[in-house]
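Structure file run19.cif; described as mmCIF, C-alpha atoms.
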data_coords
loop_
_atom_site.label_atom_id
_atom_site.label_comp_id
_atom_site.auth_asym_id
_atom_site.auth_seq_id
_atom_site.Cartn_x
_atom_site.Cartn_y
_atom_site.Cartn_z
CA MET A 228 -1.90 6.04 11.43
CA ALA A 229 -0.22 8.95 9.72
CA THR A 230 1.56 11.19 12.21
CA GLU A 231 3.00 13.76 9.79
CA GLN A 232 0.90 16.75 8.79
CA ARG A 233 -1.34 16.01 5.82
CA PRO A 234 -3.63 18.39 3.92
CA PHE A 235 -6.81 16.43 4.69
CA GLN A 236 -8.01 14.43 7.67
CA LEU A 237 -10.35 12.42 5.47
CA VAL A 238 -11.09 11.96 1.78
CA VAL A 239 -14.32 10.52 0.35
CA PHE A 240 -13.21 8.42 -2.62
CA GLY A 241 -15.96 7.79 -5.17
CA ALA A 242 -17.87 10.85 -3.95
CA SER A 243 -19.75 11.25 -7.24
CA GLY A 244 -21.06 7.67 -7.17
CA PHE A 245 -24.58 6.90 -6.01
CA THR A 246 -23.64 5.98 -2.43
CA GLY A 247 -20.65 8.31 -2.39
CA GLN A 248 -22.83 11.40 -2.84
CA PHE A 249 -24.77 10.51 0.32
CA VAL A 250 -21.55 9.85 2.25
CA THR A 251 -20.27 13.25 1.09
CA GLU A 252 -23.47 14.87 2.27
CA GLU A 253 -23.18 13.13 5.65
CA VAL A 254 -19.58 14.28 6.13
CA ALA A 255 -20.70 17.83 5.32
CA ARG A 256 -23.60 17.52 7.77
CA GLU A 257 -21.20 16.31 10.47
CA GLN A 258 -18.91 19.27 9.87
CA VAL A 259 -21.81 21.76 9.92
CA ALA A 260 -22.79 20.44 13.35
CA THR A 261 -19.22 20.81 14.61
CA GLU A 262 -17.80 24.01 16.07
CA GLN A 263 -15.70 25.98 13.60
CA SER A 264 -12.50 25.42 15.59
CA SER A 265 -12.99 21.64 15.61
CA ARG A 266 -13.85 21.12 11.94
CA LEU A 267 -11.62 18.77 10.01
CA PRO A 268 -10.11 19.59 6.62
CA TRP A 269 -11.51 17.10 4.11
CA ALA A 270 -11.79 16.43 0.40
CA VAL A 271 -13.71 14.47 -2.21
CA ALA A 272 -11.98 12.32 -4.81
CA GLY A 273 -12.92 10.75 -8.13
CA ARG A 274 -12.37 10.80 -11.88
CA SER A 275 -14.37 13.90 -12.85
CA LYS A 276 -13.80 17.31 -11.31
CA GLU A 277 -17.09 18.53 -12.77
CA LYS A 278 -19.10 15.72 -11.17
CA LEU A 279 -17.36 16.18 -7.83
CA GLN A 280 -18.21 19.89 -7.88
CA GLN A 281 -21.83 19.04 -8.67
CA VAL A 282 -21.99 16.72 -5.66
CA LEU A 283 -20.63 19.45 -3.39
CA GLU A 284 -23.04 22.02 -4.82
CA LYS A 285 -25.97 19.67 -4.28
CA ALA A 286 -24.90 19.05 -0.67
CA ALA A 287 -24.40 22.79 -0.11
CA LEU A 288 -27.92 23.50 -1.35
CA LYS A 289 -29.50 20.75 0.75
CA LEU A 290 -27.67 21.80 3.92
CA GLY A 291 -28.10 25.53 3.36
CA ARG A 292 -24.36 26.13 3.34
CA PRO A 293 -23.37 28.04 0.17
CA SER A 294 -19.68 28.16 1.07
CA LEU A 295 -19.30 24.37 1.23
CA SER A 296 -17.86 23.99 -2.28
CA SER A 297 -15.01 26.36 -1.51
CA GLU A 298 -14.26 24.69 1.85
CA VAL A 299 -13.77 21.13 0.53
CA GLY A 300 -10.77 19.97 -1.46
CA ILE A 301 -11.06 18.08 -4.76
CA ILE A 302 -8.65 15.30 -5.75
CA ILE A 303 -8.69 13.76 -9.22
CA CYS A 304 -7.78 10.08 -9.25
CA ASP A 305 -8.79 6.88 -10.99
CA ILE A 306 -8.95 3.30 -9.74
CA SER A 307 -7.08 2.22 -12.90
CA ASN A 308 -4.19 4.60 -12.18
CA PRO A 309 -2.17 3.40 -9.13
CA ALA A 310 -0.03 6.55 -9.09
CA SER A 311 -3.14 8.72 -8.69
CA LEU A 312 -4.33 6.51 -5.80
CA ASP A 313 -0.93 6.93 -4.14
CA GLU A 314 -1.21 10.71 -4.47
CA MET A 315 -4.68 10.65 -2.93
CA ALA A 316 -3.54 8.47 -0.04
CA LYS A 317 -0.52 10.67 0.68
CA LYS A 318 -2.81 13.66 1.19
CA ALA A 319 -5.14 12.02 3.74
CA VAL A 320 -5.09 10.52 7.19
CA LEU A 321 -8.19 8.44 6.39
CA VAL A 322 -9.88 7.42 3.12
CA LEU A 323 -13.58 6.56 2.97
CA ASN A 324 -13.78 4.18 0.02
CA CYS A 325 -17.20 4.18 -1.68
CA VAL A 326 -16.15 2.57 -4.97
CA GLY A 327 -17.63 -0.88 -5.58
CA PRO A 328 -18.12 -3.68 -6.35
CA TYR A 329 -15.14 -4.07 -4.07
CA ARG A 330 -14.10 -7.44 -5.52
CA PHE A 331 -13.15 -5.54 -8.69
CA TYR A 332 -12.15 -2.10 -7.41
CA GLY A 333 -11.34 -2.41 -3.72
CA GLU A 334 -7.86 -3.92 -3.51
CA PRO A 335 -5.92 -1.13 -5.29
CA VAL A 336 -7.29 1.35 -2.73
CA VAL A 337 -6.35 -0.87 0.21
CA LYS A 338 -2.87 -1.36 -1.22
CA ALA A 339 -2.31 2.35 -1.87
CA CYS A 340 -3.50 3.29 1.62
CA ILE A 341 -1.24 0.77 3.37
CA GLU A 342 1.82 1.67 1.31
CA ASN A 343 1.33 5.36 2.09
CA GLY A 344 0.48 5.03 5.78
CA THR A 345 -3.20 5.95 5.38
CA SER A 346 -6.13 4.31 7.15
CA CYS A 347 -9.17 3.22 5.13
CA ILE A 348 -12.84 2.48 5.83
CA ASP A 349 -15.21 0.84 3.36
CA ILE A 350 -18.87 -0.19 3.26
CA CYS A 351 -18.31 -3.55 1.59
CA GLY A 352 -20.85 -6.33 2.03
CA GLU A 353 -18.83 -8.93 0.08
CA PRO A 354 -17.37 -11.62 2.41
CA GLN A 355 -14.88 -12.85 -0.18
CA PHE A 356 -13.25 -9.42 -0.52
CA LEU A 357 -13.32 -8.74 3.22
CA GLU A 358 -11.71 -12.05 4.16
CA LEU A 359 -9.18 -11.87 1.31
CA MET A 360 -8.03 -8.40 2.39
CA HIS A 361 -7.48 -9.68 5.94
CA ALA A 362 -5.47 -12.67 4.68
CA LYS A 363 -3.30 -10.57 2.33
CA TYR A 364 -2.85 -7.29 4.16
CA HIS A 365 -3.37 -7.64 7.93
CA GLU A 366 0.33 -7.99 8.73
CA LYS A 367 1.34 -5.25 6.27
CA ALA A 368 -1.24 -2.85 7.74
CA ALA A 369 -0.03 -3.66 11.25
CA GLU A 370 3.58 -2.93 10.24
CA LYS A 371 2.49 0.47 8.91
CA GLY A 372 0.26 1.15 11.92
CA VAL A 373 -2.82 1.85 9.79
CA TYR A 374 -6.40 0.66 10.19
CA ILE A 375 -8.23 -1.01 7.29
CA ILE A 376 -11.82 -1.44 8.49
CA GLY A 377 -14.33 -3.12 6.21
CA SER A 378 -18.13 -3.46 6.21
CA SER A 379 -18.69 -0.20 8.09
CA GLY A 380 -22.16 0.54 6.70
CA PHE A 381 -25.47 -1.22 7.09
CA ASP A 382 -23.33 -4.23 6.21
CA SER A 383 -22.45 -4.95 8.97
CA ILE A 384 -22.35 -2.41 11.80
CA PRO A 385 -25.90 -3.02 13.14
CA ALA A 386 -25.29 -6.77 13.45
CA ASP A 387 -21.66 -6.67 14.57
CA LEU A 388 -22.03 -3.89 17.13
CA GLY A 389 -25.52 -5.16 17.99
CA VAL A 390 -24.00 -8.40 19.27
CA LEU A 391 -21.42 -6.45 21.30
CA TYR A 392 -24.14 -4.18 22.69
CA THR A 393 -26.21 -7.22 23.68
CA ARG A 394 -23.18 -8.74 25.39
CA ASN A 395 -22.49 -5.54 27.31
CA GLN A 396 -26.10 -5.27 28.48
CA MET A 397 -26.36 -8.83 29.75
CA ASN A 398 -25.75 -9.38 33.45
CA GLY A 399 -23.79 -12.54 32.86
CA THR A 400 -22.07 -14.37 29.98
CA LEU A 401 -23.67 -14.07 26.55
CA THR A 402 -23.17 -17.29 24.57
CA ALA A 403 -25.50 -17.07 21.55
CA VAL A 404 -27.44 -14.49 19.53
CA GLU A 405 -29.98 -14.73 16.74
CA SER A 406 -30.71 -11.53 14.79
CA PHE A 407 -33.85 -10.86 12.77
CA LEU A 408 -33.75 -8.03 10.25
CA THR A 409 -37.00 -6.33 9.30
CA ILE A 410 -37.08 -3.79 6.47
CA HIS A 411 -39.97 -1.32 6.62
CA SER A 412 -41.11 0.39 3.43
CA GLY A 413 -43.70 3.05 2.76
CA PRO A 414 -46.24 3.24 -0.07
CA GLU A 415 -43.43 3.96 -2.54
CA GLY A 416 -41.93 0.50 -1.95
CA LEU A 417 -38.27 -0.57 -1.92
CA CYS A 418 -35.53 -0.26 -4.50
CA ILE A 419 -31.86 -1.16 -4.92
CA HIS A 420 -29.24 0.58 -7.03
CA ASP A 421 -27.32 -0.91 -9.95
CA GLY A 422 -24.08 -1.21 -7.96
CA THR A 423 -25.74 -3.11 -5.12
CA TRP A 424 -27.39 -5.46 -7.61
CA LYS A 425 -24.07 -6.24 -9.33
CA SER A 426 -22.30 -6.83 -6.02
CA ALA A 427 -24.95 -9.38 -5.06
CA ILE A 428 -24.70 -11.17 -8.42
CA TYR A 429 -20.93 -11.52 -8.35
CA GLY A 430 -20.88 -12.36 -4.65
CA PHE A 431 -23.35 -15.23 -4.85
CA GLY A 432 -21.85 -16.38 -8.15
CA ASP A 433 -18.40 -16.85 -6.65
CA LYS A 434 -19.11 -18.81 -3.47
CA GLY A 435 -16.57 -21.45 -4.51
CA THR A 436 -13.68 -18.99 -4.25
CA LEU A 437 -14.77 -18.03 -0.75
CA ARG A 438 -14.84 -21.68 0.33
CA LYS A 439 -11.31 -22.21 -1.05
CA LEU A 440 -10.08 -19.08 0.75
CA ARG A 441 -11.47 -20.29 4.06
CA SER A 442 -10.08 -23.77 3.55
CA ALA A 443 -6.62 -22.41 2.82
CA SER A 444 -6.63 -20.26 5.97
CA CYS A 445 -6.42 -23.38 8.21
CA LEU A 446 -7.96 -21.53 11.16
CA LYS A 447 -8.76 -23.42 14.32
CA PRO A 448 -12.47 -23.56 15.16
CA VAL A 449 -13.63 -20.98 17.67
CA PRO A 450 -14.76 -22.88 20.81
CA ILE A 451 -18.48 -23.17 21.50
CA VAL A 452 -19.35 -21.88 24.95
CA GLY A 453 -22.55 -23.15 26.54
CA SER A 454 -25.34 -24.90 24.66
CA LYS A 455 -24.83 -25.10 20.91
CA LEU A 456 -27.05 -22.70 18.97
CA LYS A 457 -29.42 -24.74 16.82
CA ARG A 458 -29.87 -23.62 13.22
CA ARG A 459 -33.43 -22.91 12.17
CA TRP A 460 -35.12 -24.37 9.10
CA PRO A 461 -34.75 -22.41 5.81
CA VAL A 462 -38.26 -21.10 6.46
CA THR A 463 -39.31 -20.71 10.07
CA TYR A 464 -41.93 -18.82 12.04
CA CYS A 465 -40.73 -16.36 14.68
CA ARG A 466 -43.46 -16.13 17.32
CA GLU A 467 -41.91 -13.14 19.04
CA LEU A 468 -42.07 -11.08 15.83
CA ASN A 469 -45.21 -12.71 14.43
CA SER A 470 -43.51 -13.25 11.09
CA TYR A 471 -41.90 -15.90 8.94
CA SER A 472 -38.15 -15.63 8.43
CA ILE A 473 -35.43 -16.98 6.19
CA PRO A 474 -31.61 -16.98 6.60
CA PHE A 475 -30.04 -13.59 5.90
CA LEU A 476 -27.51 -14.11 3.09
CA GLY A 477 -25.58 -10.86 3.54
CA SER A 478 -22.15 -10.40 5.09
CA ASP A 479 -23.32 -10.28 8.73
CA MET A 480 -22.54 -13.93 9.53
CA SER A 481 -19.01 -13.66 8.13
CA VAL A 482 -18.28 -10.35 9.85
CA VAL A 483 -19.67 -11.27 13.28
CA LYS A 484 -17.83 -14.59 13.31
CA ARG A 485 -14.55 -12.86 12.45
CA THR A 486 -15.13 -10.35 15.22
CA GLN A 487 -15.83 -13.07 17.76
CA ARG A 488 -12.67 -14.90 16.70
CA TYR A 489 -10.60 -11.72 17.12
CA LEU A 490 -12.06 -10.90 20.54
CA HIS A 491 -11.49 -14.47 21.75
CA GLU A 492 -7.96 -14.89 20.40
CA ASN A 493 -6.64 -11.41 21.13
CA LEU A 494 -8.64 -10.16 24.13
CA GLN A 495 -9.52 -13.54 25.68
CA GLU A 496 -13.23 -12.73 25.61
CA SER A 497 -15.86 -15.46 25.63
CA PRO A 498 -16.98 -16.06 22.00
CA VAL A 499 -20.63 -15.67 21.02
CA GLN A 500 -22.38 -18.00 18.56
CA TYR A 501 -24.41 -16.14 15.95
CA ALA A 502 -27.07 -16.71 13.31
CA ALA A 503 -28.75 -14.10 11.08
CA TYR A 504 -32.26 -14.09 9.63
CA VAL A 505 -34.53 -11.68 7.81
CA THR A 506 -38.29 -11.49 8.35
CA VAL A 507 -40.49 -11.83 5.28
CA GLY A 508 -44.03 -11.38 6.61
CA GLY A 509 -46.78 -13.89 5.87
CA ILE A 510 -46.89 -17.14 3.93
CA THR A 511 -47.65 -15.38 0.62
CA SER A 512 -44.45 -13.36 0.91
CA VAL A 513 -42.54 -16.53 1.77
CA ILE A 514 -43.70 -18.23 -1.43
CA LYS A 515 -42.83 -15.20 -3.57
CA LEU A 516 -39.39 -14.82 -2.04
CA MET A 517 -38.61 -18.53 -2.26
CA PHE A 518 -39.44 -18.46 -5.96
CA ALA A 519 -37.39 -15.32 -6.53
CA GLY A 520 -34.48 -16.62 -4.46
CA LEU A 521 -34.29 -19.99 -6.21
CA PHE A 522 -34.54 -18.27 -9.57
CA PHE A 523 -31.71 -15.86 -8.68
CA LEU A 524 -29.42 -18.52 -7.13
CA PHE A 525 -29.83 -20.74 -10.19
CA PHE A 526 -28.88 -18.00 -12.65
CA VAL A 527 -25.82 -16.74 -10.71
CA LYS A 528 -24.19 -20.17 -10.99
CA PHE A 529 -23.50 -19.71 -14.70
CA SER A 530 -21.66 -16.96 -16.57
CA ILE A 531 -24.49 -16.60 -19.09
CA GLY A 532 -26.95 -16.37 -16.19
CA ARG A 533 -24.92 -13.62 -14.50
CA HIS A 534 -24.72 -11.80 -17.83
CA LEU A 535 -28.51 -11.91 -18.19
CA LEU A 536 -29.04 -10.78 -14.58
CA ILE A 537 -26.82 -7.76 -15.19
CA LYS A 538 -28.08 -6.91 -18.68
CA PHE A 539 -31.78 -7.28 -17.90
CA PRO A 540 -32.06 -6.59 -14.15
CA TRP A 541 -35.65 -5.35 -14.33
CA LEU A 542 -36.73 -8.80 -15.55
CA PHE A 543 -35.10 -10.65 -12.66
CA SER A 544 -35.21 -8.33 -9.63
CA PHE A 545 -39.01 -8.56 -9.22
CA GLY A 546 -39.55 -4.82 -9.09
CA TYR A 547 -36.74 -4.01 -6.63
CA PHE A 548 -34.22 -2.64 -9.16
CA SER A 549 -33.70 0.84 -10.51
CA LYS A 550 -30.71 2.06 -12.50
CA GLN A 551 -31.09 5.42 -10.74
CA GLY A 552 -31.51 3.87 -7.29
CA PRO A 553 -34.30 4.66 -4.82
CA THR A 554 -36.09 7.98 -4.93
CA GLN A 555 -35.98 10.46 -2.08
CA LYS A 556 -39.57 9.52 -1.19
CA GLN A 557 -38.64 5.84 -1.00
CA MET A 558 -35.70 6.60 1.27
CA ASP A 559 -37.69 8.93 3.50
CA SER A 560 -40.40 6.32 4.06
CA SER A 561 -38.08 3.35 4.65
CA SER A 562 -36.38 2.15 7.83
CA PHE A 563 -34.98 -1.00 9.39
CA THR A 564 -35.23 -2.81 12.70
CA MET A 565 -32.80 -5.53 13.74
CA THR A 566 -34.04 -7.53 16.72
CA LEU A 567 -31.45 -9.61 18.55
CA PHE A 568 -32.40 -12.49 20.84
CA GLY A 569 -29.56 -13.50 23.13
CA GLN A 570 -29.09 -16.26 25.64
CA GLY A 571 -26.44 -16.89 28.25
CA TYR A 572 -25.55 -17.70 31.82
CA SER A 573 -25.74 -15.65 34.99
CA HIS A 574 -22.61 -15.11 37.07
CA GLY A 575 -21.60 -18.22 38.97
CA VAL A 576 -23.49 -20.65 36.71
CA SER A 577 -21.27 -23.07 34.78
CA THR A 578 -21.59 -23.00 30.99
CA GLU A 579 -20.42 -26.61 30.61
CA LYS A 580 -23.33 -28.77 31.79
CA ASN A 581 -26.18 -26.32 32.36
CA LYS A 582 -28.72 -24.85 30.00
CA PRO A 583 -28.74 -21.06 29.44
CA ASN A 584 -30.64 -19.33 32.23
CA ILE A 585 -30.71 -15.73 30.94
CA ARG A 586 -32.59 -14.33 27.96
CA ILE A 587 -32.16 -10.84 26.55
CA CYS A 588 -33.75 -9.02 23.63
CA THR A 589 -32.17 -5.91 22.11
CA GLN A 590 -32.87 -3.84 19.03
CA VAL A 591 -30.98 -1.72 16.54
CA LYS A 592 -33.26 0.69 14.66
CA GLY A 593 -32.45 3.19 11.99
CA PRO A 594 -33.49 5.01 8.82
CA GLU A 595 -33.36 3.60 5.29
CA ALA A 596 -30.59 1.02 5.29
CA GLY A 597 -28.60 1.42 2.08
CA TYR A 598 -28.23 5.15 1.52
CA VAL A 599 -29.15 6.85 4.82
CA ALA A 600 -28.04 4.51 7.62
CA THR A 601 -24.95 3.40 5.70
CA PRO A 602 -23.49 6.94 5.33
CA ILE A 603 -24.27 7.67 8.99
CA ALA A 604 -22.50 4.51 10.13
CA MET A 605 -19.52 5.08 7.85
CA VAL A 606 -19.01 8.71 8.84
CA GLN A 607 -19.35 8.02 12.57
CA ALA A 608 -16.86 5.17 12.22
CA ALA A 609 -14.53 7.69 10.56
CA MET A 610 -15.01 10.21 13.35
CA THR A 611 -14.17 7.49 15.85
CA VAL A 612 -10.94 6.58 14.04
CA LEU A 613 -9.89 10.22 13.81
CA ASN A 614 -10.90 11.34 17.30
CA ASP A 615 -10.61 8.23 19.48
CA ALA A 616 -7.52 6.51 18.09
CA SER A 617 -6.30 5.57 21.58
CA ASP A 618 -9.31 3.26 21.98
CA LEU A 619 -8.61 1.33 18.77
CA PRO A 620 -6.60 -1.92 18.73
CA LYS A 621 -2.92 -1.26 19.24
CA GLY A 622 -0.71 -1.33 16.20
CA GLY A 623 -3.14 -1.31 13.27
CA GLY A 624 -4.24 -4.08 10.90
CA VAL A 625 -7.27 -5.21 8.88
CA PHE A 626 -10.33 -5.33 11.13
CA THR A 627 -14.06 -5.89 11.26
CA PRO A 628 -16.09 -3.05 12.83
CA GLY A 629 -16.59 -5.04 16.04
CA ALA A 630 -12.88 -5.80 16.35
CA ALA A 631 -11.89 -2.20 15.67
CA PHE A 632 -14.55 -0.42 17.72
CA SER A 633 -15.35 -2.79 20.59
CA ARG A 634 -13.71 -0.47 23.14
CA THR A 635 -14.75 2.84 21.60
CA LYS A 636 -17.86 4.98 21.98
CA LEU A 637 -19.07 4.37 18.43
CA ILE A 638 -22.42 3.01 19.66
CA ASP A 639 -22.96 6.26 21.57
CA ARG A 640 -22.15 8.24 18.43
CA LEU A 641 -24.62 6.18 16.40
CA ASN A 642 -27.34 6.65 19.02
CA GLN A 643 -26.89 10.41 18.69
CA HIS A 644 -27.22 10.24 14.90
CA GLY A 645 -30.35 8.17 14.44
CA ILE A 646 -29.13 4.55 14.62
CA GLU A 647 -30.47 3.54 18.01
CA PHE A 648 -29.43 0.62 20.20
CA SER A 649 -31.81 -0.36 23.02
CA VAL A 650 -32.73 -3.19 25.38
CA ILE A 651 -36.27 -4.50 24.87
CA SER A 652 -36.32 -7.11 27.63
CA SER A 653 -34.02 -9.10 29.89
CA SER A 654 -34.93 -11.94 32.20
CA GLU A 655 -33.50 -14.86 34.12
CA VAL A 656 -35.12 -18.18 33.30
#
Taking this structure as input, can you express it in the form of C-alpha cells?
Amino acid sequence: MATEQRPFQLVVFGASGFTGQFVTEEVAREQVATEQSSRLPWAVAGRSKEKLQQVLEKAALKLGRPSLSSEVGIIICDISNPASLDEMAKKAVLVLNCVGPYRFYGEPVVKACIENGTSCIDICGEPQFLELMHAKYHEKAAEKGVYIIGSSGFDSIPADLGVLYTRNQMNGTLTAVESFLTIHSGPEGLCIHDGTWKSAIYGFGDKGTLRKLRSASCLKPVPIVGSKLKRRWPVTYCRELNSYSIPFLGSDMSVVKRTQRYLHENLQESPVQYAAYVTVGGITSVIKLMFAGLFFLFFVKFSIGRHLLIKFPWLFSFGYFSKQGPTQKQMDSSSFTMTLFGQGYSHGVSTEKNKPNIRICTQVKGPEAGYVATPIAMVQAAMTVLNDASDLPKGGGVFTPGAAFSRTKLIDRLNQHGIEFSVISSSEV
C-alpha cells in the first residue's frame, strides 16, 4: 500500500452512479460516527463535477451535516481517459470502484491503481472479470504491495465470510457448507437497477469465455476433505426452511471456491466444499421462476437476444426492472437472510473413512441487499484495509474478500453496522 503522504485516504469512483451515491452516503455516515481527530480525508470522483456536488449535497441533507460538501474533495476523471485515472489513483491510498459493468469498465481502474501503488476495492459480481483480474494482475499487485479486492458487496461478502464464520464457530473441522439465500420484500415488491440487469445479461451470455479462462489456468483440483458434498437437484425442497430452492447463479460459488483454494495453498487450512442456493417459496413460485429463468437463459445466448433484453428490459424482467432502480420504500422494506448448513468432524475423528458427525447452522442477516447492505460491506471492507493493514495477507495481490479478510475483524465491523452473523444451532451427530 502507498506509504507516501497522499491527499486522500479513500476515493469513491463513480460516486454519482446509482450504487455509487449510496456508497458515498455510507462513507459520509461512517465519518460522521467517527471522532473528529480520527476522520479520514476522502473524495468522490467521476465525470461531472455538478453531479458529484449534487450527490454530496443529498448526503449532507440526509445525514444532517450541512458542511459535508466542503469537507469532501472532488476529482474529475473518466474511465475512457487513462491519464485521468492515473491522477485519481495518485491522490488516494484506496479507491472504491463503483463503475460497472466491470467487464467493460473495471480493468482500466485496476491497472491505474496497481501502476500508481493504490489499493482498490470493488463490488463486482461477475466471475469472469474477477478471475481474469487475478490471472492478469495478481503478481503485479504483489510486486507493488497493493490490495485489489473484488466482490466486496452483497456479492459475495455474506457467503464468503459466512463460510469462514461457520468454520470458526465449529468445534472441529468444517468440511462442507450449503448456503440458502432468502430475499424478503415488503408490499412494494423488489426491483433491480439498469446496471445490475446489464451485468447479469453480459455475464450469463459469456459463460464460454469463463470456461476457457478456467481451462487455461491449469489449476490443480482442491482436495476434498471428508464426505463429498452431494449436489442437489435443480429444484429441491429444503425442509429446514420450509421452502423450495434452486441453485444460486451469482458469483458466490466462484468467490468461495477461490477463497478456499487460497487458504489451503497459502495458509495450509483444510478446504471447505461449498454449494449455493436461493429459496423461491412454494411450487407456484418455482414454476414462474423456472419459466422466467429458461426464457432469460435462452435469450442471452444470442447477440440479438441480449440486444432485446437490454433494449426492452421491462418485457423480459417480469416486473423486477426499473431504469431508476428501487424506490426508498422498496429498500426500506427489503432484507436478506443467508442460512448456512455446515457439516464436519469433531476433534480426533478421522475425515477419511468416517461420515461427518457434527452439524452446524449459521445465519447472515442484513438490510436490502443491493443498495444498503452492499455499501455497508464495501465501506467496512475499506475501513479494514485502511485501519488493520497488518492483518491483511503479506505483500499484496488480487484477493477475494475471504482471502483478504480471513484474519481481520471485518465480521465484527459488519455486526456493528447491521449485517449480522450468528449461530442458530450446533450439534454432534
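With the shown file loaded, the PyMOL selection byres ((chain A and resi 489-498) around 9) picks out Thr400, Leu401, Thr402, Ala403, Val449, Pro450, Ile451, Val452, Lys484, Arg485, Thr486, Gln487, Arg488, Val499, Gln500, Phe626, Thr627, Gly629, Ala630 and Ser633 of chain A.
Distance check against Ala503 in chain A using all atoms listed in the file: of A:Ile473, A:Ile646, A:Ala255, A:Ile419, the minimum falls on A:Ile473.
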Determine the residue set returned by the PyMOL selection byres ((chain A and resi 332) around 12) for the present structure, and present it as an mmCIF file with C-alpha atoms, keeping the file's coordinate frame.
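Result file follows (result23.cif):
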data_model
loop_
_atom_site.group_PDB
_atom_site.id
_atom_site.type_symbol
_atom_site.label_atom_id
_atom_site.label_comp_id
_atom_site.auth_asym_id
_atom_site.auth_seq_id
_atom_site.Cartn_x
_atom_site.Cartn_y
_atom_site.Cartn_z
ATOM 1 C CA PHE A 240 -13.210 8.420 -2.620
ATOM 2 C CA GLY A 241 -15.960 7.790 -5.170
ATOM 3 C CA ASP A 305 -8.790 6.880 -10.990
ATOM 4 C CA ILE A 306 -8.950 3.300 -9.740
ATOM 5 C CA SER A 307 -7.080 2.220 -12.900
ATOM 6 C CA ASN A 308 -4.190 4.600 -12.180
ATOM 7 C CA PRO A 309 -2.170 3.400 -9.130
ATOM 8 C CA LEU A 312 -4.330 6.510 -5.800
ATOM 9 C CA ASN A 324 -13.780 4.180 0.020
ATOM 10 C CA CYS A 325 -17.200 4.180 -1.680
ATOM 11 C CA VAL A 326 -16.150 2.570 -4.970
ATOM 12 C CA GLY A 327 -17.630 -0.880 -5.580
ATOM 13 C CA PRO A 328 -18.120 -3.680 -6.350
ATOM 14 C CA TYR A 329 -15.140 -4.070 -4.070
ATOM 15 C CA ARG A 330 -14.100 -7.440 -5.520
ATOM 16 C CA PHE A 331 -13.150 -5.540 -8.690
ATOM 17 C CA GLY A 333 -11.340 -2.410 -3.720
ATOM 18 C CA GLU A 334 -7.860 -3.920 -3.510
ATOM 19 C CA PRO A 335 -5.920 -1.130 -5.290
ATOM 20 C CA VAL A 336 -7.290 1.350 -2.730
ATOM 21 C CA VAL A 337 -6.350 -0.870 0.210
ATOM 22 C CA LYS A 338 -2.870 -1.360 -1.220
ATOM 23 C CA ASP A 349 -15.210 0.840 3.360
ATOM 24 C CA CYS A 351 -18.310 -3.550 1.590
ATOM 25 C CA PHE A 356 -13.250 -9.420 -0.520
ATOM 26 C CA GLY A 422 -24.080 -1.210 -7.960
ATOM 27 C CA SER A 426 -22.300 -6.830 -6.020
#
| field | Hits of the PyMOL selection byres ((chain A and resi 637) around 12) in this structure, as a PyMOL selection string | value | chain A and resi 379+384-385+387-389+391-392+603-616+618-619+628-629+631-636+638-644+646-648
| said: Within 12 Å of (-4.1, -10.4, 3.9) in the file's own coordinates, which protein, DNA or RNA residues have an atom, counting only C-alpha atoms? List them as number ranges by chain. | reply: A: 334, 337-338, 341, 355-369, 375, 440, 444, 624-626
| said: Residues within 7 Å of (-9.0, 11.6, -4.3), file coordinates, counting only C-alpha atoms: what are they? Give the list as a PyMOL selection string. | reply: chain A and resi 238+240+271-273+301-304+315
| Residue among A:Ala270, A:Leu279, A:Ile410, A:Val299 lying closest to Ser243 in chain A, counting all atoms listed in the file | A:Leu279
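Pairwise distance (CA of Cys340 in chain A, CA of Phe235 in chain A) equals 13.9 Å.
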